[in-house]
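Printed here is entry.cif (mmCIF, C-alpha atoms):
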data_my_file
#
loop_
_atom_site.label_atom_id
_atom_site.label_comp_id
_atom_site.auth_asym_id
_atom_site.auth_seq_id
_atom_site.Cartn_x
_atom_site.Cartn_y
_atom_site.Cartn_z
CA MET A 1350 123.04 104.86 140.29
CA ASN A 1351 124.34 105.56 136.80
CA ILE A 1352 121.09 104.67 135.02
CA THR A 1353 118.08 106.44 136.47
CA LEU A 1354 114.49 105.25 136.68
CA GLN A 1355 113.54 108.02 134.26
CA GLN A 1356 116.05 106.74 131.70
CA TRP A 1357 114.60 103.25 131.95
CA LEU A 1358 111.02 104.53 131.64
CA SER A 1359 111.92 106.62 128.58
CA ARG A 1360 112.18 103.33 126.64
CA GLN A 1361 108.91 101.91 127.90
CA PRO A 1362 105.47 102.30 126.27
CA TYR A 1363 104.03 103.65 129.52
CA THR A 1364 104.81 106.38 132.05
CA GLN A 1365 103.63 104.85 135.31
CA THR A 1366 106.19 103.45 137.74
CA THR A 1367 105.91 99.98 139.24
CA ASP A 1368 108.10 97.87 141.49
CA SER A 1369 109.07 95.92 138.37
CA ASP A 1370 110.49 99.08 136.81
CA ARG A 1371 112.52 99.81 139.92
CA TYR A 1372 113.89 96.28 139.79
CA TYR A 1373 114.76 96.54 136.08
CA THR A 1374 116.50 99.87 136.65
CA GLN A 1375 118.65 98.31 139.35
CA LEU A 1376 119.41 95.36 137.09
CA ALA A 1377 120.38 97.70 134.23
CA ASN A 1378 122.91 99.28 136.59
CA ARG A 1379 124.37 95.88 137.42
CA VAL A 1380 124.75 95.21 133.70
CA TYR A 1381 126.32 98.66 133.41
CA ASP A 1382 128.95 97.71 135.99
CA LEU A 1383 129.84 94.60 133.99
CA VAL A 1384 130.14 96.50 130.71
CA LYS A 1385 132.32 99.20 132.29
CA ILE A 1386 134.94 96.64 133.31
CA SER A 1387 134.75 94.67 130.06
CA PRO A 1388 137.47 94.79 127.37
CA LEU A 1389 134.96 96.50 125.07
CA LYS A 1390 134.30 99.51 127.31
CA GLU A 1391 136.42 101.84 125.16
CA ARG A 1392 134.12 101.27 122.19
CA LEU A 1393 131.15 102.83 123.99
CA THR A 1394 130.43 106.37 125.11
CA GLU A 1395 128.77 106.87 128.48
CA GLU A 1396 125.41 107.52 126.82
CA ALA A 1397 125.78 104.47 124.57
CA THR A 1398 126.68 102.25 127.52
CA LYS A 1399 123.53 103.23 129.40
CA SER A 1400 121.41 102.78 126.28
CA LEU A 1401 122.88 99.34 125.61
CA CYS A 1402 122.28 98.22 129.20
CA CYS A 1403 118.63 99.31 129.06
CA ASP A 1404 118.23 97.33 125.82
CA VAL A 1405 119.75 94.20 127.37
CA VAL A 1406 117.35 94.43 130.30
CA GLY A 1407 114.54 95.16 127.82
CA TYR A 1408 115.23 91.73 126.32
CA PHE A 1409 115.12 90.21 129.82
CA ALA A 1410 111.78 91.89 130.59
CA ASP A 1411 110.37 90.64 127.27
CA ILE A 1412 111.36 87.05 128.08
CA LEU A 1413 109.99 87.20 131.64
CA SER A 1414 106.75 88.91 130.59
CA GLY A 1415 106.12 86.70 127.58
CA THR A 1416 105.49 89.72 125.37
CA GLY A 1417 106.87 87.93 122.33
CA LEU A 1418 109.36 90.28 120.68
CA TRP A 1419 112.37 87.96 120.91
CA ALA A 1420 110.21 84.88 120.35
CA THR A 1421 108.84 86.41 117.14
CA PHE A 1422 112.35 87.23 115.94
CA LEU A 1423 113.40 83.62 116.57
CA SER A 1424 110.35 82.17 114.85
CA TYR A 1425 110.79 84.26 111.72
CA HIS A 1426 114.54 83.69 111.65
CA ARG A 1427 113.90 79.94 111.75
CA SER A 1428 111.40 80.18 108.90
CA LEU A 1429 113.90 82.11 106.78
CA TYR A 1430 117.15 80.31 107.53
CA GLY A 1431 116.27 76.98 109.11
CA ARG A 1432 118.20 77.71 112.30
CA THR A 1433 117.42 79.36 115.63
CA LEU A 1434 120.03 82.14 115.62
CA PRO A 1435 122.78 83.49 113.38
CA PHE A 1436 126.47 82.74 114.07
CA PHE A 1437 126.04 80.33 116.99
CA PRO A 1438 124.75 76.74 117.15
CA ALA A 1439 121.84 76.31 119.52
CA GLU A 1440 121.45 72.58 120.10
CA ASN A 1441 120.38 73.01 123.74
CA TYR A 1442 118.20 76.06 123.24
CA TYR A 1443 115.20 76.66 125.54
CA ASP A 1444 112.43 78.72 124.01
CA GLY A 1445 110.88 81.27 126.35
CA GLU A 1446 113.92 81.35 128.63
CA VAL A 1447 117.17 83.30 128.80
CA ASN A 1448 119.81 81.63 126.62
CA ARG A 1449 123.54 82.19 126.39
CA GLU A 1450 123.32 82.34 122.59
CA ASP A 1451 120.66 85.05 122.83
CA LEU A 1452 122.98 87.32 124.75
CA ARG A 1453 125.84 86.78 122.33
CA VAL A 1454 123.75 87.67 119.29
CA LEU A 1455 121.94 90.52 121.05
CA PHE A 1456 125.13 92.01 122.46
CA TRP A 1457 126.79 91.93 119.02
CA TYR A 1458 123.73 93.62 117.48
CA LEU A 1459 123.69 96.31 120.17
CA LEU A 1460 127.42 96.94 119.86
CA CYS A 1461 127.04 97.37 116.08
CA THR A 1462 124.47 100.11 116.66
CA HIS A 1463 126.16 101.81 119.63
CA ASP A 1464 129.87 101.46 118.82
CA SER A 1465 131.57 104.88 118.90
CA LEU A 1466 134.55 103.58 116.90
CA HIS A 1467 132.31 102.73 113.92
CA GLU A 1468 134.36 99.63 113.22
CA ILE A 1469 133.12 96.19 112.27
CA LEU A 1470 133.23 93.79 115.21
CA SER A 1471 133.09 90.08 114.49
CA PRO A 1472 130.30 88.27 116.36
CA LEU A 1473 132.93 85.63 117.15
CA ASP A 1474 135.27 88.14 118.81
CA ASN A 1475 136.42 86.61 122.11
CA ARG A 1476 135.99 89.92 123.95
CA LEU A 1477 132.38 90.12 122.85
CA ILE A 1478 131.62 86.52 123.75
CA THR A 1479 133.27 86.86 127.16
CA THR A 1480 131.29 90.01 127.99
CA ALA A 1481 128.01 88.58 126.71
CA ASP A 1482 128.52 85.40 128.73
CA THR A 1483 129.17 87.42 131.87
CA ILE A 1484 125.90 89.30 131.36
CA TYR A 1485 124.13 86.01 130.67
CA ASP A 1486 125.37 84.62 133.99
CA LEU A 1487 123.88 87.63 135.78
CA LEU A 1488 120.49 87.37 134.05
CA GLU A 1489 120.37 83.61 134.52
CA SER A 1490 120.99 84.04 138.25
CA GLU A 1491 118.02 86.44 138.43
CA TYR A 1492 115.70 84.49 136.15
CA GLU A 1493 113.76 82.48 138.74
CA THR A 1494 113.00 85.41 141.07
CA ALA A 1495 112.78 88.42 138.73
CA PRO A 1496 109.31 89.97 138.28
CA ASP A 1497 107.53 90.30 134.98
CA SER A 1498 106.21 93.66 133.76
CA PRO A 1499 102.39 93.89 133.90
CA LEU A 1500 102.34 97.25 132.12
CA LEU A 1501 104.51 95.90 129.29
CA GLN A 1502 102.15 92.94 128.98
CA GLU A 1503 99.17 95.27 128.94
CA PHE A 1504 100.67 97.23 126.06
CA CYS A 1505 102.12 94.38 123.98
CA LEU A 1506 99.93 91.30 124.28
CA PRO A 1507 97.26 91.15 121.55
CA GLU A 1508 94.70 89.54 123.87
CA LEU A 1509 94.90 92.62 126.11
CA ASN A 1510 94.46 95.12 123.27
CA ASP A 1511 91.86 96.08 120.71
CA THR A 1512 93.89 95.00 117.72
CA ASP A 1513 91.08 96.09 115.39
CA ASP A 1514 91.76 99.69 116.41
CA PRO A 1515 94.11 101.34 113.86
CA GLU A 1516 95.33 103.83 116.47
CA ALA A 1517 96.28 101.01 118.86
CA ARG A 1518 98.23 99.28 116.08
CA TYR A 1519 99.98 102.52 115.17
CA ARG A 1520 100.98 103.19 118.80
CA PHE A 1521 102.32 99.65 119.06
CA ALA A 1522 104.30 100.02 115.82
CA GLU A 1523 105.67 103.41 116.87
CA TRP A 1524 107.02 102.05 120.15
CA LEU A 1525 108.47 98.97 118.44
CA PHE A 1526 110.23 101.06 115.82
CA TRP A 1527 111.72 103.78 118.02
CA ASP A 1528 112.06 102.46 121.58
CA SER A 1529 111.90 98.68 121.85
CA PHE A 1530 115.12 96.76 122.51
CA LEU A 1531 114.66 94.83 119.27
CA LEU A 1532 114.10 97.56 116.66
CA GLY A 1533 114.97 100.73 118.53
CA PRO A 1534 118.77 100.34 118.48
CA SER A 1535 118.85 100.34 114.69
CA ASN A 1536 116.93 103.64 114.63
CA ARG A 1537 118.58 105.66 117.41
CA SER A 1538 120.98 107.38 115.02
CA LEU A 1539 118.09 108.10 112.66
CA ALA A 1540 116.09 109.63 115.50
CA ARG A 1541 118.94 112.06 116.24
CA GLN A 1542 119.26 112.94 112.54
CA LEU A 1543 115.53 113.64 112.24
CA SER A 1544 115.60 115.80 115.36
CA HIS A 1545 118.46 117.84 113.90
CA GLU A 1546 116.67 118.13 110.54
CA ALA A 1547 113.46 119.28 112.20
CA GLN A 1548 115.40 121.84 114.22
CA SER A 1549 117.14 123.25 111.13
CA LYS A 1550 113.94 123.53 109.09
CA SER A 1551 111.64 124.98 111.72
CA HIS A 1552 110.99 128.27 113.44
CA GLY A 1553 109.82 127.86 117.01
CA ASP A 1554 109.05 124.81 119.15
CA LYS A 1555 105.56 124.23 117.78
CA GLU A 1556 106.73 124.06 114.18
CA ARG A 1557 109.73 121.92 115.14
CA ILE A 1558 107.56 119.39 116.97
CA ALA A 1559 105.16 119.18 114.03
CA LYS A 1560 108.03 118.72 111.56
CA LEU A 1561 109.66 116.05 113.73
CA GLY A 1562 106.37 114.17 113.97
CA GLU A 1563 106.03 114.26 110.20
CA LEU A 1564 109.57 112.93 109.67
CA ARG A 1565 109.18 110.17 112.24
CA ARG A 1566 105.89 109.06 110.74
CA GLU A 1567 107.38 108.94 107.25
CA SER A 1568 110.29 106.84 108.53
CA LEU A 1569 107.93 104.47 110.32
CA TYR A 1570 106.10 103.73 107.09
CA THR A 1571 109.03 103.59 104.67
CA LEU A 1572 112.13 102.20 106.43
CA PRO A 1573 112.94 98.62 107.50
CA ALA A 1574 114.28 98.14 111.01
CA GLY A 1575 115.86 95.65 113.36
CA PRO A 1576 117.95 92.52 112.91
CA LEU A 1577 115.73 91.10 110.13
CA ALA A 1578 115.27 94.42 108.29
CA LEU A 1579 111.48 94.11 108.28
CA PHE A 1580 109.11 97.05 108.05
CA ALA A 1581 107.05 98.17 111.05
CA HIS A 1582 103.83 96.87 109.52
CA GLU A 1583 105.43 93.44 109.12
CA TRP A 1584 106.43 93.32 112.79
CA VAL A 1585 102.88 94.31 113.80
CA SER A 1586 101.53 91.57 111.56
CA LEU A 1587 103.88 88.98 113.08
CA LEU A 1588 103.24 90.01 116.69
CA TRP A 1589 99.54 90.80 116.53
CA GLN A 1590 98.57 88.82 113.41
CA HIS A 1591 96.98 92.01 112.21
CA THR A 1592 97.56 94.53 109.46
CA PHE A 1593 99.18 97.90 110.04
CA PRO A 1594 96.98 100.98 109.44
CA GLU A 1595 97.65 102.29 105.95
CA GLU A 1596 99.19 105.70 105.49
CA ALA A 1597 96.51 108.26 104.75
CA GLU A 1598 98.64 109.90 102.11
CA GLU A 1599 98.87 108.58 98.57
CA LYS A 1600 100.85 105.35 98.54
CA LYS A 1601 103.95 105.12 96.39
CA GLU A 1602 103.80 102.83 93.39
CA LEU A 1603 105.72 99.62 94.04
CA HIS A 1604 108.27 98.46 91.49
CA PRO A 1605 106.93 95.64 89.27
CA TYR A 1606 109.85 93.39 90.33
CA TYR A 1607 108.96 93.90 93.98
CA ARG A 1608 105.31 93.09 93.32
CA GLN A 1609 106.30 89.93 91.46
CA PHE A 1610 108.76 88.93 94.19
CA THR A 1611 106.27 89.29 97.03
CA ARG A 1612 103.61 87.54 94.95
CA GLU A 1613 105.89 84.51 94.69
CA THR A 1614 106.93 84.58 98.37
CA GLY A 1615 103.43 84.91 99.76
CA GLY A 1616 103.91 88.56 100.66
CA MET A 1617 107.29 88.23 102.35
CA PRO A 1618 110.05 90.73 101.37
CA VAL A 1619 112.82 88.21 102.16
CA LYS A 1620 113.29 84.67 100.88
CA TYR A 1621 115.99 82.21 101.93
CA ILE A 1622 117.19 79.89 99.13
CA ASP A 1623 119.69 77.18 100.02
CA SER A 1624 120.87 75.96 96.61
CA TYR A 1625 121.73 77.30 93.17
CA SER A 1626 119.16 75.04 91.49
CA LYS A 1627 116.38 76.46 93.67
CA LEU A 1628 117.63 79.99 93.02
CA ASP A 1629 117.64 79.36 89.27
CA LYS A 1630 114.11 77.97 89.41
CA PHE A 1631 112.86 80.88 91.51
CA LEU A 1632 114.36 83.49 89.18
CA THR A 1633 113.34 81.86 85.91
CA GLU A 1634 109.88 80.61 86.92
CA GLY A 1635 108.90 82.75 89.89
CA MET A 1636 110.41 86.05 88.80
CA GLN A 1637 109.88 85.20 85.13
CA TRP A 1638 113.45 86.03 84.23
CA GLY A 1639 113.82 82.95 82.04
CA GLU A 1640 114.53 82.46 78.35
CA THR A 1641 110.88 81.85 77.50
CA GLU A 1642 109.87 85.15 79.10
CA GLY A 1643 112.70 86.95 77.31
CA GLN A 1644 111.64 85.53 73.96
CA SER A 1645 107.99 86.43 74.56
CA LYS A 1646 108.81 90.00 75.55
CA ALA A 1647 111.16 90.43 72.58
CA GLU A 1648 108.50 89.14 70.17
CA THR A 1649 106.07 91.73 71.51
CA ILE A 1650 108.66 94.49 71.16
CA LEU A 1651 109.48 93.46 67.58
CA GLN A 1652 105.82 93.53 66.64
CA GLN A 1653 105.34 97.01 68.09
CA TYR A 1654 108.65 98.43 66.90
CA PRO A 1655 109.74 96.52 63.77
CA ASP A 1656 112.56 98.97 63.06
CA ILE A 1657 114.26 98.46 66.42
CA THR A 1658 118.02 97.93 66.17
CA ALA A 1659 119.04 96.91 69.71
CA ILE A 1660 117.67 95.13 72.78
CA VAL A 1661 119.43 95.37 76.16
CA CYS A 1662 118.36 92.71 78.68
CA GLY A 1663 118.70 92.55 82.45
CA ASN A 1664 120.30 89.12 82.37
CA ASP A 1665 121.78 86.64 79.91
CA THR A 1666 118.93 84.14 80.15
CA MET A 1667 116.43 86.67 78.86
CA ALA A 1668 118.99 87.90 76.32
CA CYS A 1669 119.20 84.38 74.90
CA GLY A 1670 115.41 84.39 74.58
CA ALA A 1671 115.54 87.76 72.83
CA ALA A 1672 118.17 86.42 70.42
CA ALA A 1673 115.87 83.49 69.60
CA ALA A 1674 112.99 85.89 68.92
CA VAL A 1675 115.12 88.01 66.59
CA ALA A 1676 116.38 84.92 64.72
CA ALA A 1677 112.82 83.67 64.22
CA ALA A 1678 111.58 87.04 62.97
CA ASN A 1679 113.71 86.95 59.78
CA LEU A 1680 114.25 90.70 59.82
CA ASP A 1681 115.93 92.61 57.00
CA HIS A 1682 118.30 94.37 59.42
CA ASP A 1683 120.50 93.54 62.39
CA VAL A 1684 119.22 93.76 65.96
CA TYR A 1685 122.03 93.91 68.49
CA ILE A 1686 121.36 91.86 71.65
CA ILE A 1687 123.23 92.73 74.86
CA GLY A 1688 122.94 90.83 78.14
CA VAL A 1689 124.36 90.90 81.64
CA ASP A 1690 126.03 88.07 83.62
CA GLY A 1691 128.47 86.19 81.38
CA SER A 1692 126.82 82.79 81.01
CA ASN A 1693 128.07 80.07 78.69
CA ASP A 1694 124.80 80.14 76.72
CA MET A 1695 125.20 83.84 76.05
CA ARG A 1696 128.86 83.33 75.17
CA ASP A 1697 127.83 80.79 72.53
CA ASN A 1698 125.22 83.16 71.10
CA ILE A 1699 127.90 85.84 70.81
CA LYS A 1700 130.32 83.48 69.09
CA ASP A 1701 127.56 82.43 66.64
CA GLY A 1702 126.75 86.06 65.83
CA LYS A 1703 123.27 85.92 67.40
CA ALA A 1704 124.14 88.44 70.11
CA LEU A 1705 126.55 91.33 70.31
CA ALA A 1706 127.87 91.32 73.88
CA THR A 1707 127.35 90.64 77.56
CA ALA A 1708 128.72 92.25 80.71
CA LEU A 1709 130.45 89.59 82.78
CA GLN A 1710 129.83 90.06 86.50
CA GLN A 1711 132.99 88.53 87.95
CA ILE A 1712 131.33 86.42 90.62
CA ASP A 1713 134.35 84.10 90.84
CA LYS A 1714 136.64 87.04 91.62
CA ILE A 1715 134.11 88.61 93.99
CA THR A 1716 133.68 85.35 95.91
CA ARG A 1717 137.39 84.70 96.21
CA ASN A 1718 138.01 88.24 97.42
CA ALA A 1719 135.20 87.95 99.97
CA VAL A 1720 136.53 84.70 101.43
CA THR A 1721 140.10 85.99 101.53
CA GLN A 1722 139.09 89.23 103.24
CA ALA A 1723 136.81 87.44 105.71
CA ASN A 1724 139.74 85.24 106.68
CA ASP A 1725 142.03 88.28 106.98
CA TYR A 1726 139.53 90.01 109.24
CA LEU A 1727 138.95 87.00 111.49
CA THR A 1728 142.69 86.33 111.67
CA ASN A 1729 144.10 89.84 111.93
CA GLY A 1730 141.14 91.97 112.95
CA THR A 1731 141.32 94.00 109.72
CA THR A 1732 141.39 93.60 105.95
CA GLY A 1733 143.33 96.80 105.35
CA LEU A 1734 140.81 97.66 102.64
CA GLU A 1735 137.75 99.86 102.26
CA GLU A 1736 134.49 98.31 103.41
CA LYS A 1737 132.84 98.94 100.02
CA GLN A 1738 134.77 97.80 96.95
CA LEU A 1739 133.84 97.88 93.28
CA VAL A 1740 134.67 95.01 90.95
CA ASP A 1741 134.58 95.97 87.30
CA CYS A 1742 132.49 94.05 84.81
CA VAL A 1743 134.21 92.67 81.70
CA VAL A 1744 132.68 93.32 78.30
CA ILE A 1745 132.45 90.01 76.42
CA THR A 1746 132.32 90.22 72.63
CA LYS A 1747 133.20 87.89 69.76
CA ASP A 1748 136.83 89.02 70.15
CA ASN A 1749 137.28 87.55 73.65
CA ALA A 1750 134.38 85.12 74.08
CA ASP A 1751 136.75 82.12 73.93
CA LYS A 1752 138.28 83.27 77.23
CA LEU A 1753 134.95 82.96 79.11
CA ASP A 1754 133.86 79.73 80.78
CA ASN A 1755 131.30 79.35 83.59
CA PHE A 1756 131.45 83.02 84.57
CA VAL A 1757 135.27 82.95 84.78
CA PHE A 1758 137.31 85.11 82.41
CA ALA A 1759 140.85 83.92 81.67
CA GLU A 1760 142.88 87.10 81.32
#

File written out as structure tokens:
Amino acid sequence: MNITLQQWLSRQPYTQTTDSDRYYTQLANRVYDLVKISPLKERLTEEATKSLCCDVVGYFADILSGTGLWATFLSYHRSLYGRTLPFFPAENYYDGEVNREDLRVLFWYLLCTHDSLHEILSPLDNRLITTADTIYDLLESEYETAPDSPLLQEFCLPELNDTDDPEARYRFAEWLFWDSFLLGPSNRSLARQLSHEAQSKSHGDKERIAKLGELRRESLYTLPAGPLALFAHEWVSLLWQHTFPEEAEEKKELHPYYRQFTRETGGMPVKYIDSYSKLDKFLTEGMQWGETEGQSKAETILQQYPDITAIVCGNDTMACGAAAAVAAANLDHDVYIIGVDGSNDMRDNIKDGKALATALQQIDKITRNAVTQANDYLTNGTTGLEEKQLVDCVVITKDNADKLDNFVFAE
């Protein structure tokens, strides 16, 4: 066999061996055989292929055992985006069973984290879909007779654990973050980096192990992971409906914007908004980035610092509010107002002499470039451009304000 029982067990939250583990190891090798003859085999090293196959079978074991990792991902994805899975329609989806769409999304995710070529692979790539469907056919053929994993259930199911025990919650989070099929793939590269860092900064095995433990713990508490980029404590909360044990060390101060955001989302770090009007309402009312807030803040600043000569705002809406506050204050000197975005309201304030300038973020140009390059990639397999591209802002003043309309600058 190419994948050993020990390699399979290294991903599990237990060390005992059961007949289920022997079965899953054999199944991982059958998946391995399919991947090695697939058109994507050249993208994977031998180690990455074995790792990917264990993750695929980890998904299968989770479905069979009802341990809830994939089900929780689906549930939260639906709450965020109003659909079962990204990329693929799922009209005939069966919760709690193996689905063809699952394998397509999972296989794309795993390839993104294991790909030795470090190239973007479209989830709609025919080679990917063909390989994922072949693996699905294998798992579907095994579904009715495959065993569940009692030891995985014992570790994962909240009803079989003392979820009030902080140590139990930490052990659960640690396995989820580093070794589970759902979060582990996104952290494998990080694990290797931390191991190298611990090795370079330590003298002797004891010191290295201690340093590695410190780095892994810090990562567990501070880095998001997995396909939804949630933190470990959020996954524990979703799976066990329980809080994650707080870090004993002094907690870092959260940015005021983050506190305000999570206050408005009920504690969630991600919010899906499906229309511009809802986005505008959320930003102006929820995040308090509106004109009223800008005017109120500017009035406070003017009272505390009456000699101030300039106010720079984080967006044009607040800059318009600041301009209104300055106009109402009847000061004996100019106060230069600068915003960011390039809205028509700010343009009009600039033309009327109530504001000095704004920085136009060229969203029209950015959007057009994104659509063009997405089409190039899907059509030709490449854009021929760097993955990260900078689009310059345009300084809008009274001299060129007439060329700005609805965030579009006519050059």

Chain and number of each residue from the PyMOL selection byres ((chain A and resi 1453) around 12), as a ChimeraX atom specification: /A:1405,1434-1439,1447-1452,1454-1460,1471-1486

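Our summary of the geometry notes that atom CA of Leu1577 of chain A is positioned 11.7 Å from atom CA of Trp1419 of chain A.
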
I'd like the residues picked by the PyMOL selection byres ((chain A and resi 1383) around 10) written out as a PDB file with C-alpha atoms, in the frame of the given file, using the chain letters and numbers from the file.
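Full text of selection_4.pdb as output:
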ATOM      1  CA  ALA A1377     120.380  97.700 134.230  1.00  0.00           C
ATOM      2  CA  ASN A1378     122.910  99.280 136.590  1.00  0.00           C
ATOM      3  CA  ARG A1379     124.370  95.880 137.420  1.00  0.00           C
ATOM      4  CA  VAL A1380     124.750  95.210 133.700  1.00  0.00           C
ATOM      5  CA  TYR A1381     126.320  98.660 133.410  1.00  0.00           C
ATOM      6  CA  ASP A1382     128.950  97.710 135.990  1.00  0.00           C
ATOM      7  CA  VAL A1384     130.140  96.500 130.710  1.00  0.00           C
ATOM      8  CA  LYS A1385     132.320  99.200 132.290  1.00  0.00           C
ATOM      9  CA  ILE A1386     134.940  96.640 133.310  1.00  0.00           C
ATOM     10  CA  SER A1387     134.750  94.670 130.060  1.00  0.00           C
ATOM     11  CA  LYS A1390     134.300  99.510 127.310  1.00  0.00           C
ATOM     12  CA  CYS A1402     122.280  98.220 129.200  1.00  0.00           C
ATOM     13  CA  THR A1480     131.290  90.010 127.990  1.00  0.00           C
ATOM     14  CA  ALA A1481     128.010  88.580 126.710  1.00  0.00           C
ATOM     15  CA  THR A1483     129.170  87.420 131.870  1.00  0.00           C
ATOM     16  CA  ILE A1484     125.900  89.300 131.360  1.00  0.00           C
ATOM     17  CA  LEU A1487     123.880  87.630 135.780  1.00  0.00           C
TER      18      LEU A1487
END

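Protein, DNA and RNA residues at most 12 Å from (107.3, 85.0, 64.0), with all atoms listed in the file, are these: A:Gln1644, A:Ser1645, A:Ala1647, A:Glu1648, A:Thr1649, A:Ile1650, A:Leu1651, A:Gln1652, A:Pro1655, A:Ala1673, A:Ala1674, A:Val1675, A:Ala1676, A:Ala1677, A:Ala1678, A:Asn1679, A:Leu1680.
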
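For the residues A:Cys1461, A:Asp1514, A:Ala1719, A:Ala1420, ranking by smallest atom-to-atom distance to Glu1736 of chain A using all atoms listed in the file places A:Ala1719 first.
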
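The smallest atom-to-atom distance between His1426 of chain A and any of A:Leu1501, A:Val1743, A:Tyr1621, A:Thr1462, using all atoms listed in the file, is found for A:Tyr1621.
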
Can you spell out as a PDB file with C-alpha atoms, in the coordinates of the input the set of residues that the PyMOL selection byres ((chain A and resi 1527) around 10) selects in the structure I just provided?
ATOM      1  CA  ARG A1360     112.180 103.330 126.640  1.00  0.00           C
ATOM      2  CA  ALA A1522     104.300 100.020 115.820  1.00  0.00           C
ATOM      3  CA  GLU A1523     105.670 103.410 116.870  1.00  0.00           C
ATOM      4  CA  TRP A1524     107.020 102.050 120.150  1.00  0.00           C
ATOM      5  CA  LEU A1525     108.470  98.970 118.440  1.00  0.00           C
ATOM      6  CA  PHE A1526     110.230 101.060 115.820  1.00  0.00           C
ATOM      7  CA  ASP A1528     112.060 102.460 121.580  1.00  0.00           C
ATOM      8  CA  SER A1529     111.900  98.680 121.850  1.00  0.00           C
ATOM      9  CA  PHE A1530     115.120  96.760 122.510  1.00  0.00           C
ATOM     10  CA  LEU A1531     114.660  94.830 119.270  1.00  0.00           C
ATOM     11  CA  LEU A1532     114.100  97.560 116.660  1.00  0.00           C
ATOM     12  CA  GLY A1533     114.970 100.730 118.530  1.00  0.00           C
ATOM     13  CA  PRO A1534     118.770 100.340 118.480  1.00  0.00           C
ATOM     14  CA  SER A1535     118.850 100.340 114.690  1.00  0.00           C
ATOM     15  CA  ASN A1536     116.930 103.640 114.630  1.00  0.00           C
ATOM     16  CA  ARG A1537     118.580 105.660 117.410  1.00  0.00           C
ATOM     17  CA  LEU A1539     118.090 108.100 112.660  1.00  0.00           C
ATOM     18  CA  ALA A1540     116.090 109.630 115.500  1.00  0.00           C
ATOM     19  CA  ARG A1565     109.180 110.170 112.240  1.00  0.00           C
ATOM     20  CA  LEU A1569     107.930 104.470 110.320  1.00  0.00           C
ATOM     21  CA  ALA A1574     114.280  98.140 111.010  1.00  0.00           C
TER      22      ALA A1574
END

What would segment 1473-1485 of chain A look like with N, CA and C atoms restored, written as a PDB file, in the coordinates of the input?
ATOM      1  N   LEU A1473     132.143  86.689 116.515  1.00  0.00           N
ATOM      2  CA  LEU A1473     132.930  85.630 117.150  1.00  0.00           C
ATOM      3  C   LEU A1473     134.133  86.181 117.918  1.00  0.00           C
ATOM      4  N   ASP A1474     134.204  87.507 118.061  1.00  0.00           N
ATOM      5  CA  ASP A1474     135.270  88.140 118.810  1.00  0.00           C
ATOM      6  C   ASP A1474     135.244  87.641 120.263  1.00  0.00           C
ATOM      7  N   ASN A1475     136.370  87.174 120.754  1.00  0.00           N
ATOM      8  CA  ASN A1475     136.420  86.610 122.110  1.00  0.00           C
ATOM      9  C   ASN A1475     136.020  87.619 123.176  1.00  0.00           C
ATOM     10  N   ARG A1476     136.357  88.890 122.959  1.00  0.00           N
ATOM     11  CA  ARG A1476     135.990  89.920 123.950  1.00  0.00           C
ATOM     12  C   ARG A1476     134.481  90.060 124.029  1.00  0.00           C
ATOM     13  N   LEU A1477     133.832  90.015 122.887  1.00  0.00           N
ATOM     14  CA  LEU A1477     132.380  90.120 122.850  1.00  0.00           C
ATOM     15  C   LEU A1477     131.734  88.921 123.529  1.00  0.00           C
ATOM     16  N   ILE A1478     132.208  87.728 123.184  1.00  0.00           N
ATOM     17  CA  ILE A1478     131.620  86.520 123.750  1.00  0.00           C
ATOM     18  C   ILE A1478     131.815  86.479 125.265  1.00  0.00           C
ATOM     19  N   THR A1479     133.004  86.863 125.727  1.00  0.00           N
ATOM     20  CA  THR A1479     133.270  86.860 127.160  1.00  0.00           C
ATOM     21  C   THR A1479     132.339  87.820 127.907  1.00  0.00           C
ATOM     22  N   THR A1480     132.162  89.025 127.351  1.00  0.00           N
ATOM     23  CA  THR A1480     131.290  90.010 127.990  1.00  0.00           C
ATOM     24  C   THR A1480     129.840  89.560 127.969  1.00  0.00           C
ATOM     25  N   ALA A1481     129.392  89.051 126.819  1.00  0.00           N
ATOM     26  CA  ALA A1481     128.010  88.580 126.710  1.00  0.00           C
ATOM     27  C   ALA A1481     127.741  87.430 127.670  1.00  0.00           C
ATOM     28  N   ASP A1482     128.700  86.532 127.818  1.00  0.00           N
ATOM     29  CA  ASP A1482     128.520  85.400 128.730  1.00  0.00           C
ATOM     30  C   ASP A1482     128.451  85.855 130.181  1.00  0.00           C
ATOM     31  N   THR A1483     129.224  86.886 130.509  1.00  0.00           N
ATOM     32  CA  THR A1483     129.170  87.420 131.870  1.00  0.00           C
ATOM     33  C   THR A1483     127.793  88.017 132.160  1.00  0.00           C
ATOM     34  N   ILE A1484     127.238  88.730 131.192  1.00  0.00           N
ATOM     35  CA  ILE A1484     125.900  89.300 131.360  1.00  0.00           C
ATOM     36  C   ILE A1484     124.861  88.181 131.436  1.00  0.00           C
ATOM     37  N   TYR A1485     125.045  87.150 130.611  1.00  0.00           N
ATOM     38  CA  TYR A1485     124.130  86.010 130.670  1.00  0.00           C
ATOM     39  C   TYR A1485     124.121  85.390 132.069  1.00  0.00           C
TER      40      TYR A1485
END
